[in-house]
There are 2 protein chains.
Amino acid sequence: MLKTVIDMEKATVILKLLGDKTRLTMMKILDDQSCCVCEFVEIFKASQPSISQHLRKLRDIGLVQEERKGQWIFYSVNKENEYYPFVQQILNQLPSQDDKLKELEEQGTRITCC
Amino acid sequence: MLKTVIDMEKATVILKLLGDKTRLTMMKILDDQSCCVCEFVEIFKASQPSISQHLRKLRDIGLVQEERKGQWIFYSVNKENEYYPFVQQILNQLPSQDDKLKELEEQGTRITCC
DNA sequence: TGATTATATAAGTAAATAGTTATATTATTA
DNA sequence: TAATAATATAACTATTTACTTATATAATCA
């Protein structure tokens, strides 16, 4: 197994970002599939600016990336990121959050443009 | 390999605690050996109350434990803690902090009572 | 036993963080 | 092209966090 070593400074920054329930759940969801902002608004029952600001923080350090598809902007995990292996090891220990998106599908609020 | 799954709530709390450079470094050091408060004060060039408060937070959620030895109180990682495997996987990805204690030994400020 | 050393805790302060409201931007649709 | 929908950003506010200063406790030492 490849042993990844990350510097303490960067590890701290990443752990601080993941030390928030909304962002940690976002990352776990995004690790499986991409998701648009309005879906997160539904999932977390949070305001749009609040979701947008969480995503921005994750994007600013390169953990996620955005891609516009028409009027929607989809976010996905940037698996090319230098620190992704570090994050992945954490995410792997978390329970699946599939149910969150399943609920949206049942409600019919999942974006299905793609 | 045993797959540990930790609930999101608890994971968030632990990651938030580890998302601080002082506490993260403390945990990495303690993962190898026990250490007393005054050694941390030296290592981090921080005030005694500040160190004491960081250790209290780690102790409050059970990640470390204290043991009095005379006038000193030694802290060590509580490897029996339910969430230790989660923490350990994170710590394993961090660079060794042995040099921090080595410096103290060279200065002669390492506590050698035990 | 009085002084010193190690540590903890409480109270106060400054900085960081998360959320809100308001507004701007960009794309789609009528 | 005007209205609507999705998203981002800015400014403000409330909460949380980390650190400081002051004080308390407990052990050791002279």
# chains A, B, ... in the order shown; residues from 1 in each chain; ligands from 1
$ calpha_fit_rmsd --fixed "chain A" --moving "chain B"
0.0 Å
$ residues_around --residues "region 24-41 of chain A" --least-positions-apart "2" --cutoff "7 Å" --atoms "only C-alpha atoms (C1' of nucleotides)" --output "VMD selection string"
chain A and resid 18 to 22 43 to 48 51 to 52 72 to 77 91 97 to 98 110
$ interface_residues --of "chain B" --to "chain A" --cutoff "10 Å" --atoms "only C-alpha atoms" --output "number ranges by chain"
B: 3-25, 28, 85-87, 89-97
$ interface_residues --of "chain A" --to "chain C" --cutoff "8 Å" --atoms "only C-alpha atoms (C1' of nucleotides)" --output "list in words"
Ser50, Gly70 and Gln71 of chain A
$ write_last_selection --atoms "N, CA and C atoms" --output "tab-separated table (two decimals), in the first residue's frame"
chain	number	residue	atom	x	y	z
A	50	SER	N	-25.72	29.79	1.98
A	50	SER	CA	-24.97	28.99	2.94
A	50	SER	C	-24.30	27.80	2.24
A	70	GLY	N	-25.67	24.04	-18.37
A	70	GLY	CA	-26.84	24.87	-18.54
A	70	GLY	C	-26.99	25.79	-17.35
A	71	GLN	N	-28.15	25.80	-16.78
A	71	GLN	CA	-28.37	26.72	-15.66
A	71	GLN	C	-27.83	26.18	-14.34
$ interface_residues --of "chain D" --to "chain A" --cutoff "12 Å" --atoms "only C-alpha atoms (C1' of nucleotides)" --output "list in words"
DT4, DA5, DA6, DT7, DA8, DT9 and DA10 of chain D
$ atom_distance --atom1 "CA of Lys79 (chain A)" --atom2 "CA of Gln65 (chain A)"
9.5 Å
$ select_by_dssp --residues "region 49-97 of chain A" --states "strand (DSSP E)" --output "list in words"
Val64, Gln65, Glu66, Glu67, Arg68, Lys69, Trp72, Ile73, Phe74, Tyr75, Ser76 and Val77 of chain A
